[in-house]
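Participant: If you scroll down you'll find the structure; I have some questions about it.
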Amino acid sequence: MSSWLGGLGSGLGQSLGQVGGSLASLTGQISNFTKDMLMEGTEDVEAELPNARRKEVEAIHTILRSENERLKKLCTDLEEKHEASELQIKQQSMSYRNQLQQKEVEISHLKARQIALQDQLLKLQSAAQSVISGAGGVPATAASPSFSYGLSHHASAFHDDDMDFGDIISSQREINRLSNEVSRLESEVGHWRHIAQTSKAQGSDSSDQSEICKLQNIIKELKQNRSQEIDNHQHEMSVLQNAHQQKLTEITRRHREELSDYEERIEELENLLQEGGSGIAVTDHSKIHEMQKTIQVLQAEKVESTKKIEELENKIKGINKKLSSAENDRGVLKKEQERLSVENRQLLEECESLKLECSKLQPYAAKQSDTVTEKEIILPHSSSVEEEVFRLQQALSDAENEIKRLSNLNQEELQISLSKLNNEYEVIKSTAARDMDLDSELCDLRRNLEAKEQELNQSITEKEILIAELEELDKQNQEATKHMILIKDQLSKQENEGDNVISKLKKDLNDEKKRVHQLENDKMNITKELDVQKEKLIQSELVLSDLHLTKQKLEDKVADLVDQLNKLHTKSLNIQKENFELQEHIKQKEEELSRVRDELITQSLNRDSNSNFKDDLLNEREAEVRNLRQNLSEIEQLNENLKKVAFDLKMENEKLNLACENVRHQLEESIAGNNQISQEKNAIVEALKIEKEQLEGELCQAEKRLLEEANKYEQTMKELSNARNLRISALQLDHERLIKLSQEKDFEIAELRKNIKQMDTDHKETKKILSSSLEEQKQLTQLVNENEIFIEKLKERSSELQEELDKYTQALRKNEILRQTIEEKDRSLGSMKEENNHLKEELERLREQQSRAAPVAEPKTLDSITELESEVNQLNILKDNLKEEIKHHQKVIEDQNQSKIQLLQSLQEQKKEMDEFRYQHEQMNATHTQLFLEKDEEIKNLQKTIEQIKTQLQEERQDVQTENSVIFQETKVQGLNIENGSEKHDLSKAETERLVKGIKERELEIKLLNEKNISLTKQIDQLSRDEVGKLTQIIQQKDLEIQALHARITTASYPQDVVYLQQQLQAYAMEREQVLAVLSEKTRENSHLKTEYHKMMDIVAAKETALNKLQDENKKLSTRFESSGQDMFRETIQNLSRIIREKDIEIDALSQKCQTLLTVLQTSNTENEVGGVNSNQFEELLQERDKLKQQVKKMEEWKQQVMTTVQNMQHESAQLQEELHQLQAQVLVDSDNNSKLQVNYTGLIQSYEQNETKLKNFGQELAQVQHSIGQLCNTKDLLLGKLDIISPQLSSGSSLTSQSAESLRTIKSDVLSESSEQEIEELRKSLQEKDATIRTLQENNHRLSDSIAASSELERKEHEQTDSEIKQLKEKQDTLQKSLKEKDLLIKAKSDQLLALNENFTNKVNENELLRQAVTNLKERTLILEMDICKLKGENEKIIETSRGKETEYQALQETNTKFSMMLREKEFECHSLTEKALAFEHLLKEKEQGKTGELNQLLNAVKSMQEKTVIFQQERDQVMLALKQKQMENTAVQNEVQHLRDKELRLNQELERLRNHLLESEDSYTREVLAAEDREAKLRKKVTVLEEKLVSSSNAMENASHQANLQVESLQEQLNVASKQRDETALQLSMSQEQVKQYALSLSNLQMVLEHFQHEEKAMYSAELEKHNQLVAEWKKKAENLEGKLVSLQERLDEANVALDSASRLTEQLDLKEEQIEELKKQNELRQEMLDDVQKKLMNLVNSTEGKVDKVLMRNLFTGHFHTPKNQRHEVLRLMGSILGIKKEEMEQLLNEDQGGVTRWMTGWLGGGSKSVPNTPLRPNQQSLLNSSFSELFVKFLETESHPSIPPPKLSVHDMKPLDSPGRRKLDTNIPGSFKDTTEPRSGRRTDVNPFLAPRSAAVPLINPAGLGPGGPGHLLLKPISDVLPTFTPLPVLPDNSAGVVLKDLLKQ
């Protein structure tokens, strides 16, 4: 999979890269084409400029640039390829080195493991010997069968060793296959991981969890199945062994019984023979008959034996066939076992097949055992066959050799026995023939009786001899077999040792072969790599050649470019020259122009007619000059561009040259590196060859060693055989005893070895499994690590869900408990009510008693009585108030009872509601009781503060206020606590169905509660209104009371007012408490409703989220299952779509570039014409099209491959579709549930909205109530202020009271914060304090009574009476309150206990669940720890192996150390010798000085000889030292061996002692048996003597009873006939039974037929179902294909839609821009509109203001013009003036017809002199010419000049003229004739000198531009300033279409 995916990816990348490159080239060529097409229309008009050549140069330049870019890309690609190839080579070399290291490590591991296995073998052997020594007393019968197995086992050992190499090869194949599977699984894992990542990107974290869980479950199930199957196999093996042992015991028992039967028969036959021998003479006929019978019997037995032998041979053949089939089965089993490791799913089928094969083998074994019994009947020595049959089930491979051997032995023994029997039968036949002759010739027989008797005796003796010989032969055979077994045991031991050595050598051989194979593989890989590198080198050479070619092409092109550049330089120089010439020409022309202008200026005064023509000429000249300048600038720009291009080309050429050189260097380096690598690899190959040769040499040496050892073993075998022959006679008895034990031990050892081998095989298999599982675990650990996050999340979720479940279960339990408690509390309420009634009765009684006892109790003092009376009065008032309150409460309670009854009626319909209402009712009662208690406490507080009220009324009221606020806070806190308590209850997932019902019921409850709330709110409104009314009344009353108090303060009746005020305050406090209680109840109910509603909303939200999650998961799963087969296809499509989008973007960018180029070319070459298209570019385009077609073909092929893969994935997705069906069903169920929940949710939302509205109403009502409370507080403050004003004298005590109030507040806050126990203790303390305060009050009352006794004794008495009554009432109230408090405390305590127990219970449940989780976690941890332990064991073994390897290395290092030390010593010795030599030389020198040369020579010779000796000694010493070291090593080894041998000796001594004991016991038993045998012999002799006597008597009797014998013979014949009949009957019975058997067989066959029929039917059913499933699958596939088609179409639509969206987005952007522009324009329009409106308004104002006015300037000009005109034409001027002034034509004509002098007179008279007033302006040449023209022309010109105002003449400079220089104005100027324009332009600056008639023309400019611009256009004249634009005379309405001349003509016409 991974390779396929990689191939796909690489193919995709290459194809896409090609597509990208082709697209880039296409786009580049498209751009070239567009440039060329654009350049077509850019030829120059003028023939002077060489544009065509320039275009060709530019085209060549662009081509060169594209080619340069392509070459750059090629260079970069080649560099990347080169780097990639180097990296690949490095990676491959690294991988090969790593592989070599791994193989070396594996070899070392295998060696260490071999050593460990050898140690284990030694340990097991020692253990087996100890076991054998322990189990010594095994009977001898079990010894004989063990030989055969041992032999067979050892015989088969070589066979197993031969099989090892094949097993290694098969295991290698298995490993390869498993590695392929692992890679496949890894690719699948990667695929799934990719899916998981994509799903993660989509946001599905929990989608993979189900798949992971499934995989984990599958893995667990497979593991469990595997373990179960292993257990089943072991169980079956044990059962088979037990059954086999039982069969063996039965067979041995039968064998013994049959032997005993045969012995009895033999004894009977001997007796008969003896009797026959003694009585032959008398009973010839009987003996003959007996002999005949025996002959018949023997013949029958012979026939039967021959038949049995044939049957045995057939059975042996059959067994051989079965063995061959069993071997085939074994091969099949091996294959299946190999499959097992890969395919765990087929385990069950293989187990079934194994069971079937075992069941097949069992009857074979039974048959073989039957054959063995038959053999034993014939020959008692064939017991070994039985053992072989037994061994068939255990070792099928060993059975062949054994059965061959046994068949040979059996055939030999049968032949011997047959020959003996034949001899016997021949003798018996001869005797029988003689007897028959005797029958025929009785006389001859009588004559020859003696001879016959002798012959008979001889035959009997022969028979006895034969029997004896048979016994001897049996004994010899047994001895021989025993000796053979001994020899075989010895040989087997030697063979085992040899096998071990051979196995070791074979292992070494195999390892070396493996190494050789690995080296060969490495060599092959290296050769492959070399080939690959050669190919790469060839490719690189080809690339180099291509590069050289391209470089040559580039050089040619560069040369061409240089030529072209030179040409361009020359052309540019020519162009520059031409430019200079043109510039000079232009200068000349400019000079001429200036001259012409001067001339024109001079001539313009004289020549008006020629001026127009000259202006035209000037304009043309100026246009030509401008064109020439533009051309010059363009040429200069082109020159600069060409220079830049040339410079860029030079730079690029230099860069390309550098790049080429770099590539050359890199190629040279790579070639050198490749050569080095090839040399290194050749060296490695040579080294490997050398190593291979060495290994082959070592193999040859090992084979030689093996041959030598085999020869040695053969020699030892021969020697042992010789020794055996020598020692047979001496050691037979000892051997016979020892053999049995050795056989048993060998049997056990063989079993142990077999077990060890099985263990080894199992170990190997487990190691393989472990390695595979480790790899799987490594793969899985990544998955696990990835999924642990998901699992942790799941665990968190599960823990949260479990907590929720627990909470819900706890809530349910609590609800049940609360229901029970509610029922109990209802009962307790009833009892409490009864107790209340009782207490009331008791209270009444107590009152009666106290009323009776009061006057008796206090007869002492009148003062005390008066005080008590006053107190009693006060208490009576209090009592009345309390009674009223009680009545009010009773009314409230009655109302509540009525509502309760209604609720109970509704609760009977709905049982669940009843529990909740009871709970609420109890809460209400509790709150009422709490309120009563609080009220009582407040009453007590009020009683405490009676004295303070007397002194300080202000402080008392403040205390009441604080207490009320505290009570309100307490109620609020309680409500919050209840809310907090109720919010804790959540619901479990398990009770979702119940919740749906519960939600409906809750809705009904909410409705009821809403109705209740409405009624309560109404009540609250009424109460609040009543309270407001009451409060107003109270305020009025209090005002009255304050006034009364003012009066009373002065008077003496002060305490009565105080009491009255107290009573009123208490009443107000009670009322306020009632209101607060009602409010608190309502708030609590609201909070309850809120909490319940929140709960319901939370539940619904949780359900919705869960449903949404499920739906999302289902959708994700469905999409995943649908898209699992199409992921690859989708990914490829996505990649393609991305690439297409990128290419679209590139095309858009290029199109934009083309557009920009178009615009540039159009602007630069507006006057150029069309050129020709380059043919080369068309050819390149055609080539590119061919390339693109090829790439399209490639893409189509790849698409076909993708389609095939998609079809394969579709085939795979059949299973996933089945799962999809299941998931869809689940989705349907979930959707149904979701719809139900949505319905419920909508209902809840509606109820929630209703509740919200109600809550808002309640909040408003609360705000109103709070407002009323605030008003009350304000009134109270007012009252307090008034009281402060009333009592200023009591200001001294105010600080104390404020302190006490603050202290009370702090105490109350502390009390609220403290726990319930502290509250109880404080209540008790407060009770005691209150008692004390009551006492103090009494004392104070006494003091007050003493102080005010003089003033009012009667009042005091009354007060005392009332006080006493109040005291009694107080005591009663105290007792009642105490009882109530105690009961409340009890109830609270019990409820607390219940809550505590519930909490404990929930905690314990949580703890239990936590413990369960912990147990599961611990189990998982234990499993993990077991796995870790297994891993650690493996690591320990590895460490042990490494330690052993290190020990060996350490020993080797020690040896090297010793060698080095020896070397050091040698060196030291050499140093010593050299020093000695030096000393000797010094001595010699000294002696030379003395002159002793001869002696020196002698000494030198001696020294040399000594040195040689020393060297020899050194060498000998080194050798001796090395030998010593070796000897030490050998000694250590020998010591170890000696210790081992000592241990062995100890063991052998123990065994010897045991054997001696056994021998003694056996000898004792033998002596006993011998004694018993002697006793038997004595008894038998006695019997023989008795029998001889009996024979003598019987012979006498026989002689007498010969006739009787004849009769008896006849009777015997009759009996024989009867017996034959019986035999026939038994034969008939046999036949009947056989027929029955046949019938049974037929019935069995019929049953089998029926079974087969059933199986066929089932198969048919299955096939039909399969066909149905296949049809369904086909339909689904069709559906899938349809869906795929739809998907494709949808994707196409999507792509189209995306394209449309892109275009739409562009359009929208453009639209936005346009809209912004439109908005800006609108704003500008609005601004202009406003400006226009302003201007129009101003214009209207001006029109209105100037309608009736005449312009003075105009009139002055007209007047002066009249006088300047000639006298003939003055009447026209006068007419004009008249028309302006509104005079009719007729009147003007009349005036003109009159005397003309009148006008002049009038004018002169009016002006006071005509000639003086008007100054004569000096005439210029223009003016002189103007005078000659007509008046109409002059007037038109005058009006034209009058367009600009002449008031501010110095301001009108050129800058002031700029605002009029709009486009419209310019266009107007063009319409003006040239002469006039020229005259106006130079004179604009000198405006003061200008004649009014020569003013510039602006009067002709209309308001709306004649150029077609709208009123909002930029050149609108109305938008200019008024001073610049507007004329100063009366405005005339001018149409926009009419020109100025037409307007003036119309004026003239008028």
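Every chain in the structure tokens has a letter given in the order shown (A, B, ...), and although residue numbers restart at 1 in each chain, ligands are simply numbered from 1 in the order shown.
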Determine, counting only C-alpha atoms, which protein, DNA and RNA residues have an atom within 12 Å of an atom of Asp77 of chain A; residues of the same chain fewer than 6 positions away are not included. Present the result as a list of chain:residue names.

Facilitator: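 In the requested format, the answer is A:Gly17, A:Arg70, A:Leu71, A:Glu83, A:Ala84, A:Val543, A:Val663.
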
Participant: Check the smallest atom-to-atom distance from each of A:Glu1840, A:Asp499, A:Glu1365, A:Glu1252 to Glu871 of chain A using only C-alpha atoms, then report the winner.

Facilitator: A:Glu1365

Participant: With only C-alpha atoms as the counted atoms, please give the residues lying no more than 10 Å from Lys514 of chain A, apart from itself and same-chain residues fewer than 3 positions off, as a ChimeraX atom specification.

Facilitator: /A:103,107,168-169,508-511,517-520

Participant: State, in Å with one decimal place, the distance from atom CA of Ile999 of chain A to atom CA of Leu1244 of chain A.

Facilitator: 8.2 Å
